[in-house]
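K.L.:
This is the structure I have questions about; it appears just below.
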Amino acid sequence: MSEVPKPDELIENIDHTPPEEEWEKIESPITEGRFSYPAKGKNLEVMEFRAPGEWSPKDEEWPLPDNWQEIIHEGFKERLEKYRSLKVFMDICVRCGACADKCHYFIGTGDPKNMPVVRAELLRSIYRKDFTTAGKILGSIAGGRSLTKDTIKEWFSYFYQCSECRRCSVFCPYGIDTAEVTMMGRELLNLLGLNINWIMEPVANCFRTGNHLGIQPQAFKEIVDFLTDDIEEITGIKINPSFNRKGAEILFITPSGDYFADPGTYTFMGYLMLFEALGLDYTLSTYASEGGNFGLFTSSDTMKKLNSKMYAEARRLGVKWILGGECGHMWRVINQYMDTMNGPADFMEVPKSPITGTVFNNAASTKMVHITEFTADLIRHNKLKLDPSRNDSYKVTFHDSCNPSRAMGLLDEPRYVIQNVCNNFYEMPENTIREQTFCCGSGSGLNNEEVMDLRLRGGLPRANAVKHVYEKYGVNMLACICAIDRAAFPPLMEYWVPEVGTTGVHELVANALVMDGEIERTTNLRFEPLKEEEDESDE
Ligand code: SF4
Ligand code: SF4
């Protein structure tokens with residue numbers, strides 16, 4: 001791992017001065033801290049992808065197959081024919097620059113090739129040269145470039161410095177989605193076996209074991225048992241969730257990060273406590289034990305394969321519908337791609353809350369309801385006993401996770417829930433939230449240690465907005481609805497705003513939730529004393 005500069009040094013060294021030379025002429029050395037380690041052969045082989053052996057992006061010669069140009073050309077052609085959006089995105093950019101300063105990686109690095117317009121140009125210039133008449137005849141005059149080994153290196157570097165967050169697309173007057181350009185760039189690299197391990201390992205694990213972390217069924221159950229012990233200690237209530245139970249009404253699926261590491265585990269405890277309080281007829285699955293879909297960062301085919309597990313399990317268990325936890329890319333895949341990949345899931349019913357009777361028509365096709373929609377509906381119908389004062393030690397702000405916010409417009413429900421379970425809620429500045437939210441800087445498979453420099457830079461705009469509400473209102477807790485965020489924010493906050501912690505929304509819900517038969521609570525889910533107790537001891 002490269003050495004990370006101190007925050008002041010990092011900021012001082014960001015230079016946004018436009019370069020004098022044209023972007024094509026700017027060299028792009030592959031430097032430590034900005035590249036992820038290549039995928040291991042065993043993970044590529046599980047998915048039947050080309051495994052080029054051991055190599056490093058710093059190597060002069062990359063292990064490309066002899067016919068690499070032909071593979072890229074054919075792969076590009078196939079995708080232009082298959083995805084109308086790609087063809088449109090290649091043709092219609094007018095280089096207006098409206099997207100240029102909207103990417104958190106450009107803001108944090110000052111590298112012109114991290115401008116969305118230039119990132120897309122890395123692919124577009126090859127498209128022009130190889131697939132347009134003007135480019136074939138006029139070459140560079142028409143903006144075309146030849147495909148060289150250096151182009152492949154540039155693609156690897158910059159398509160893995162894009163978190164596919166889609167913020168740039170919000171500002172493009174033509175609606176060009178540079179995240180989808182990145183996805184195609186990664187797909188093409190994948191044809192050559194050039195992938196990164198922090199994506200391919202979760203993909204292989206999920207395909208083989210059911211979740212990104214490769215947690216075996218019995219271990220999953222043991223972890224859940226352990227968490228229910230903690231719940232019992234805090235509330236006096238022992239919960240016994242069912243696994244793989246046929247005939248349950250609802251299948252609950254959440255990202256494995258929620259039951260693997262803090263602070264995700266508190267969110268997971270929150271789900272279990274909520275379901276127990278409701279007497280919900282639900283089951284967990286040890287087969288579909290993952291909500292996230294790292295296929296999104298690999299190829300459409302992989303995304304489809306991983307997505308199908310959730311639906312296969314729902315069919316096998318005979319559930320009526322699926323309730324999904326606080327996850328980022330699960331919801332992007334479900335809402336943007338699921339219907340044309342594995343849907344519509346007609347073997348299930350349109351989700352209906354068994355507690356309120358609300359029919360979630362927005363999920364009529366996917367048959368999957370987001371947990372914050374579900375909980376917001378419960379609160380709106382006054383079905384939960386809540387004591388928000390149990391969260392009084394927290395001054396909370398909310399990060400709109402890129403995928404649920406921009407892919408499914410889930411903007412109001414999490415806020416409504418937080419405002420009902422916490423007394424102190426403060427918004428970050430308007431141009432950094434809701435559709436315009438800034439990425440955590442670690443999305444799309446970049447949440448690894450080796451790119452920490454990039455992550456801290458990419459997370460700077462988000463952290464800056466958190467710092468603003470910390471200084472203005474004393475905010476000390478950043479809530480989010482994504483497991484990657486819950487993993488990415490602790491080091492990001494530690495670096496930029498160390499006074500601020502990270503939480504999932506359902507951790508806050510469970511703190512406030514008054515369950516029938518519970519003992520008097522003295523701590524929150526983190527075993528921290530409740531505020532009243534602190535006050536008493538202060539006196
Ligand atoms: S999708 Fe996000 S990370 Fe990628 S270029 Fe656009 S703003 Fe940057
Ligand atoms: S905002 Fe859209 S049209 Fe303008 S440069 Fe960016 S991608 Fe091209």
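Starting from 1 in every chain, residues are counted up; chains themselves are A, B, ... following the order of the structure tokens, and ligands are numbered from 1 as listed.
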For ligand 1, collect every residue having any atom at a distance of at most 8 Å from a ligand atom (counting only C-alpha atoms and all ligand atoms); output as a list in words.

P.N.:
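Going residue by residue within 8 Å of ligand 1, we get Cys99, Lys102, Cys103, His104, Tyr105, Phe106, Asn114, Met115, Pro116, Val117, Arg119, Ala120, Phe159, Gln161, Cys162, Ser163, Glu164, Cys165, Arg166, Arg167, Cys168, Ser169, Asp177, Thr178, Ala179, Glu180, Thr182, Cys439 and Gly441 of chain A.
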
K.L.:
Suppose we keep C-alpha atoms; can you now write the selection as a PDB file, in the first residue's frame?

P.N.:
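After the write, result.pdb holds the following:
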```pdb
ATOM      1  CA  CYS A  99     -19.811  17.176 -16.519  1.00  0.00           C
ATOM      2  CA  LYS A 102     -18.745  16.986 -11.331  1.00  0.00           C
ATOM      3  CA  CYS A 103     -16.683  13.878 -10.718  1.00  0.00           C
ATOM      4  CA  HIS A 104     -15.330  13.429  -7.207  1.00  0.00           C
ATOM      5  CA  TYR A 105     -12.182  11.785  -8.601  1.00  0.00           C
ATOM      6  CA  PHE A 106     -11.419  14.826 -10.734  1.00  0.00           C
ATOM      7  CA  ASN A 114     -10.717  11.873 -14.419  1.00  0.00           C
ATOM      8  CA  MET A 115     -13.093  14.371 -15.998  1.00  0.00           C
ATOM      9  CA  PRO A 116     -16.094  12.283 -17.106  1.00  0.00           C
ATOM     10  CA  VAL A 117     -15.925  13.753 -20.602  1.00  0.00           C
ATOM     11  CA  ARG A 119     -12.873   9.300 -19.336  1.00  0.00           C
ATOM     12  CA  ALA A 120     -15.540   8.551 -21.930  1.00  0.00           C
ATOM     13  CA  PHE A 159     -12.105   2.825 -15.805  1.00  0.00           C
ATOM     14  CA  GLN A 161     -10.858   5.234 -11.186  1.00  0.00           C
ATOM     15  CA  CYS A 162     -14.576   5.630 -11.827  1.00  0.00           C
ATOM     16  CA  SER A 163     -16.978   4.421  -9.181  1.00  0.00           C
ATOM     17  CA  GLU A 164     -19.878   4.254 -11.649  1.00  0.00           C
ATOM     18  CA  CYS A 165     -21.720   6.660  -9.377  1.00  0.00           C
ATOM     19  CA  ARG A 166     -23.538   8.456 -12.237  1.00  0.00           C
ATOM     20  CA  ARG A 167     -23.245  11.899 -10.687  1.00  0.00           C
ATOM     21  CA  CYS A 168     -21.881  13.271 -13.949  1.00  0.00           C
ATOM     22  CA  SER A 169     -24.971  12.088 -15.822  1.00  0.00           C
ATOM     23  CA  ASP A 177     -24.209   8.202 -18.548  1.00  0.00           C
ATOM     24  CA  THR A 178     -20.454   7.914 -18.214  1.00  0.00           C
ATOM     25  CA  ALA A 179     -20.912   5.141 -15.659  1.00  0.00           C
ATOM     26  CA  GLU A 180     -22.305   2.992 -18.456  1.00  0.00           C
ATOM     27  CA  THR A 182     -17.096   2.725 -17.756  1.00  0.00           C
ATOM     28  CA  CYS A 439     -19.975   9.261  -3.915  1.00  0.00           C
ATOM     29  CA  GLY A 441     -15.193   7.452  -3.262  1.00  0.00           C
TER      30      GLY A 441
END
```

K.L.:
Using only C-alpha atoms and all ligand atoms, find each residue of chain A with at least one atom at most 6 Å away from an atom of ligand 2; report its shortest atom-to-atom pair and that distance in Å (one decimal), sort the rows by chain and rising residue number, and return the result as a Markdown table.

P.N.:
```
| residue | atom | partner | partner_atom_place_in_ligand_line | distance |
| --- | --- | --- | --- | --- |
| A:Cys93 | CA | ligand 2 | 8 (Fe) | 3.9 |
| A:Val94 | CA | ligand 2 | 3 (S) | 4.7 |
| A:Arg95 | CA | ligand 2 | 5 (S) | 3.6 |
| A:Cys96 | CA | ligand 2 | 4 (Fe) | 3.9 |
| A:Gly97 | CA | ligand 2 | 5 (S) | 4.0 |
| A:Ala98 | CA | ligand 2 | 1 (S) | 4.1 |
| A:Cys99 | CA | ligand 2 | 1 (S) | 4.2 |
| A:Val117 | CA | ligand 2 | 6 (Fe) | 4.7 |
| A:Cys172 | CA | ligand 2 | 1 (S) | 3.5 |
| A:Pro173 | CA | ligand 2 | 2 (Fe) | 5.8 |
| A:Tyr174 | CA | ligand 2 | 2 (Fe) | 5.6 |
| A:Ile176 | CA | ligand 2 | 7 (S) | 5.2 |
```

K.L.:
Nearest to Ala288 in chain A: which of A:Asn205, A:Gln336, A:Thr372, A:Ser365 is it, counting only C-alpha atoms?

P.N.:
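Nearest to Ala288 in chain A: A:Asn205.
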
K.L.:
Could you name the residues that touch Asp258 in chain A at 6 Å or less, counting only C-alpha atoms, but leaving out those on the same chain fewer than 6 positions away, as a ChimeraX atom specification?

P.N.:
/A:264-265,268

K.L.:
Keeping C-alpha atoms, export the residues of the selection given above as a short mmCIF file (atom, residue, chain, number, x, y, z; two decimals), in the first residue's frame.

P.N.:
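That gives us selection.cif:
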```cif
data_model
loop_
_atom_site.label_atom_id
_atom_site.label_comp_id
_atom_site.auth_asym_id
_atom_site.auth_seq_id
_atom_site.Cartn_x
_atom_site.Cartn_y
_atom_site.Cartn_z
CA GLY A 264 -22.99 -3.08 9.38
CA THR A 265 -23.72 -5.67 12.06
CA PHE A 268 -28.40 -6.22 10.70
#
```

K.L.:
Using only C-alpha atoms, which residues sit within 7 Å of Asn197 in chain A once same-chain residues fewer than 6 positions away are excluded, as a ChimeraX atom specification?

P.N.:
/A:37-40

K.L.:
Can those selected residues be exported to a file as a CSV table (one decimal), in the first residue's frame so that it contains all heavy atoms?

P.N.:
```csv
chain,number,residue,atom,x,y,z
A,37,TYR,N,-5.1,-4.2,-7.3
A,37,TYR,CA,-4.3,-5.4,-7.7
A,37,TYR,C,-5.1,-6.3,-8.7
A,37,TYR,O,-6.4,-6.4,-8.5
A,37,TYR,CB,-3.9,-6.2,-6.5
A,37,TYR,CG,-3.0,-5.5,-5.5
A,37,TYR,CD1,-3.0,-5.8,-4.2
A,37,TYR,CD2,-2.2,-4.5,-6.0
A,37,TYR,CE1,-2.2,-5.1,-3.3
A,37,TYR,CE2,-1.3,-3.8,-5.1
A,37,TYR,CZ,-1.3,-4.1,-3.8
A,37,TYR,OH,-0.5,-3.4,-2.9
A,38,PRO,N,-4.5,-6.9,-9.6
A,38,PRO,CA,-5.2,-7.7,-10.6
A,38,PRO,C,-5.9,-8.9,-10.0
A,38,PRO,O,-5.5,-9.4,-8.9
A,38,PRO,CB,-4.1,-8.2,-11.6
A,38,PRO,CG,-2.9,-7.3,-11.4
A,38,PRO,CD,-3.0,-6.8,-9.9
A,39,ALA,N,-6.9,-9.4,-10.7
A,39,ALA,CA,-7.6,-10.6,-10.2
A,39,ALA,C,-6.8,-11.8,-10.2
A,39,ALA,O,-6.0,-12.0,-11.1
A,39,ALA,CB,-8.9,-10.8,-11.1
A,40,LYS,N,-7.0,-12.6,-9.2
A,40,LYS,CA,-6.2,-13.9,-9.1
A,40,LYS,C,-6.9,-14.9,-10.0
A,40,LYS,O,-8.1,-14.9,-10.2
A,40,LYS,CB,-6.3,-14.4,-7.7
A,40,LYS,CG,-5.5,-13.6,-6.7
A,40,LYS,CD,-5.5,-14.2,-5.3
A,40,LYS,CE,-4.6,-13.3,-4.4
A,40,LYS,NZ,-5.2,-13.1,-3.1
```

K.L.:
Which polymer residues have any atom within 6 Å of an atom of range 519-531 of chain A, counting only C-alpha atoms, with same-chain residues fewer than 6 positions away left out, as a JSON list (two decimals) with N, CA and C atoms, in the first residue's frame?

P.N.:
```json
[["chain", "number", "residue", "atom", "x", "y", "z"],
["A", 235, "THR", "N", -31.84, -6.18, 25.06],
["A", 235, "THR", "CA", -33.30, -6.01, 25.17],
["A", 235, "THR", "C", -33.98, -7.06, 26.05],
["A", 236, "GLY", "N", -33.26, -8.14, 26.33],
["A", 236, "GLY", "CA", -33.88, -9.24, 27.08],
["A", 236, "GLY", "C", -34.71, -10.14, 26.18],
["A", 393, "SER", "N", -27.81, 10.91, 21.73],
["A", 393, "SER", "CA", -26.35, 11.17, 21.72],
["A", 393, "SER", "C", -25.85, 11.42, 20.30],
["A", 511, "ASN", "N", -32.54, 1.24, 17.77],
["A", 511, "ASN", "CA", -32.30, 1.94, 19.03],
["A", 511, "ASN", "C", -33.59, 2.54, 19.58]]
```

K.L.:
What lies within 12 Å of Pro52 in chain A using only C-alpha atoms, ignoring chain neighbours under 3 positions off, as a ChimeraX atom specification?

P.N.:
/A:38-45,49,55-56,62-66,189-195

K.L.:
Taking only C-alpha atoms into account, name the residue in A:Leu188, A:Met408, A:Ile196, A:Val469 that is nearest to Glu78 in chain A.

P.N.:
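Ranking A:Leu188, A:Met408, A:Ile196, A:Val469 by distance to Glu78 in chain A, first place goes to A:Leu188.
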
K.L.:
Find the residues near Asn335 in chain A: any atom within 12 Å, counting only C-alpha atoms, skip ones fewer than 4 places away on the same chain, and give them as an NGL selection string.

P.N.:
:A and (307 or 328-331 or 339-344 or 362-370 or 403-410)

K.L.:
Would you return as a ChimeraX atom specification the members of range 55-185 of chain A that DSSP assigns to alpha helix (DSSP H) on this structure's backbone?

P.N.:
/A:68-82,84-91,104-109,116-131,133-138,149-159,167-171,178-185

K.L.:
By how many Å are CA of Cys480 in chain A and CA of Ala463 in chain A apart?

P.N.:
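Interatomic distance here is 13.4 Å.
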
K.L.:
Please report as a Markdown table every residue of range 244-305 of chain A lying within 10 Å of range 346-358 of chain A, along with the nearest atom pair and their distance in Å (one decimal), using only C-alpha atoms.

P.N.:
```
| residue | atom | partner | partner_atom | distance |
| --- | --- | --- | --- | --- |
| A:Glu249 | CA | A:Pro354 | CA | 9.0 |
| A:Ile250 | CA | A:Pro351 | CA | 9.1 |
| A:Leu278 | CA | A:Ile355 | CA | 7.5 |
| A:Gly279 | CA | A:Ile355 | CA | 9.2 |
| A:Leu280 | CA | A:Pro354 | CA | 7.9 |
| A:Asp281 | CA | A:Pro354 | CA | 8.8 |
```

K.L.:
Give me a file of those residues, with N, CA, C and O atoms, as an mmCIF file, in the first residue's frame.

P.N.:
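Saved to again.cif:
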```cif
data_model
loop_
_atom_site.group_PDB
_atom_site.id
_atom_site.type_symbol
_atom_site.label_atom_id
_atom_site.label_comp_id
_atom_site.auth_asym_id
_atom_site.auth_seq_id
_atom_site.Cartn_x
_atom_site.Cartn_y
_atom_site.Cartn_z
ATOM 1 N N GLU A 249 -43.645 -16.052 4.124
ATOM 2 C CA GLU A 249 -44.276 -15.045 3.260
ATOM 3 C C GLU A 249 -43.218 -14.210 2.530
ATOM 4 O O GLU A 249 -43.345 -13.892 1.355
ATOM 5 N N ILE A 250 -42.147 -13.868 3.275
ATOM 6 C CA ILE A 250 -41.157 -12.913 2.737
ATOM 7 C C ILE A 250 -39.753 -13.511 2.827
ATOM 8 O O ILE A 250 -39.375 -14.098 3.844
ATOM 9 N N LEU A 278 -42.543 -6.895 14.795
ATOM 10 C CA LEU A 278 -43.733 -6.961 13.929
ATOM 11 C C LEU A 278 -44.339 -8.358 13.890
ATOM 12 O O LEU A 278 -45.464 -8.535 13.409
ATOM 13 N N GLY A 279 -43.567 -9.365 14.312
ATOM 14 C CA GLY A 279 -44.019 -10.754 14.141
ATOM 15 C C GLY A 279 -44.057 -11.126 12.674
ATOM 16 O O GLY A 279 -44.954 -11.863 12.228
ATOM 17 N N LEU A 280 -43.108 -10.641 11.915
ATOM 18 C CA LEU A 280 -43.112 -10.833 10.458
ATOM 19 C C LEU A 280 -42.837 -12.287 10.086
ATOM 20 O O LEU A 280 -41.983 -12.938 10.693
ATOM 21 N N ASP A 281 -43.535 -12.767 9.079
ATOM 22 C CA ASP A 281 -43.327 -14.139 8.589
ATOM 23 C C ASP A 281 -42.259 -14.080 7.484
ATOM 24 O O ASP A 281 -42.574 -13.970 6.305
#
```

K.L.:
Using only C-alpha atoms, which residue out of A:Glu276, A:Lys129, A:Met303, A:Asp485 lies closest to Ile231 in chain A?

P.N.:
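The answer is A:Glu276, which sits nearest to Ile231 in chain A.
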
K.L.:
Using CA of Arg455 in chain A and CA of Val4 in chain A as the two end points, give the distance in Å to one decimal.

P.N.:
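About the pair CA of Arg455 in chain A and CA of Val4 in chain A: they are 10.5 Å apart.
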
K.L.:
Just list the residues in range 370-435 of chain A DSSP gives strand (DSSP E) on the backbone, as a list of chain:residue names.

P.N.:
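Listing strand (DSSP E) positions across range 370-435 of chain A yields A:His370, A:Val396, A:Thr397, A:Phe398.
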
K.L.:
Convert the current residue selection to file output with all heavy atoms, as a short mmCIF file (atom, residue, chain, number, x, y, z; two decimals), in the first residue's frame.

P.N.:
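Below is the file out_14.cif, written as the result:
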```
data_model
loop_
_atom_site.label_atom_id
_atom_site.label_comp_id
_atom_site.auth_asym_id
_atom_site.auth_seq_id
_atom_site.Cartn_x
_atom_site.Cartn_y
_atom_site.Cartn_z
N HIS A 370 -37.71 -2.09 -0.80
CA HIS A 370 -36.58 -1.59 -0.02
C HIS A 370 -37.00 -1.42 1.44
O HIS A 370 -38.08 -0.91 1.72
CB HIS A 370 -36.10 -0.24 -0.60
CG HIS A 370 -34.77 0.20 -0.08
ND1 HIS A 370 -34.61 0.70 1.18
CD2 HIS A 370 -33.55 0.19 -0.66
CE1 HIS A 370 -33.32 1.00 1.36
NE2 HIS A 370 -32.66 0.69 0.26
N VAL A 396 -27.38 13.62 13.62
CA VAL A 396 -27.29 12.77 12.43
C VAL A 396 -27.41 13.58 11.14
O VAL A 396 -28.23 14.50 11.05
CB VAL A 396 -28.41 11.70 12.47
CG1 VAL A 396 -28.35 10.78 11.27
CG2 VAL A 396 -28.35 10.90 13.77
N THR A 397 -26.61 13.20 10.16
CA THR A 397 -26.83 13.68 8.80
C THR A 397 -27.00 12.45 7.92
O THR A 397 -26.68 11.33 8.34
CB THR A 397 -25.69 14.59 8.31
OG1 THR A 397 -26.11 15.24 7.09
CG2 THR A 397 -24.40 13.82 8.04
N PHE A 398 -27.51 12.63 6.71
CA PHE A 398 -27.79 11.47 5.85
C PHE A 398 -27.07 11.59 4.52
O PHE A 398 -27.15 12.60 3.84
CB PHE A 398 -29.30 11.32 5.61
CG PHE A 398 -29.64 10.18 4.70
CD1 PHE A 398 -29.38 8.86 5.08
CD2 PHE A 398 -30.21 10.41 3.45
CE1 PHE A 398 -29.69 7.80 4.24
CE2 PHE A 398 -30.52 9.35 2.61
CZ PHE A 398 -30.25 8.04 3.01
#
```
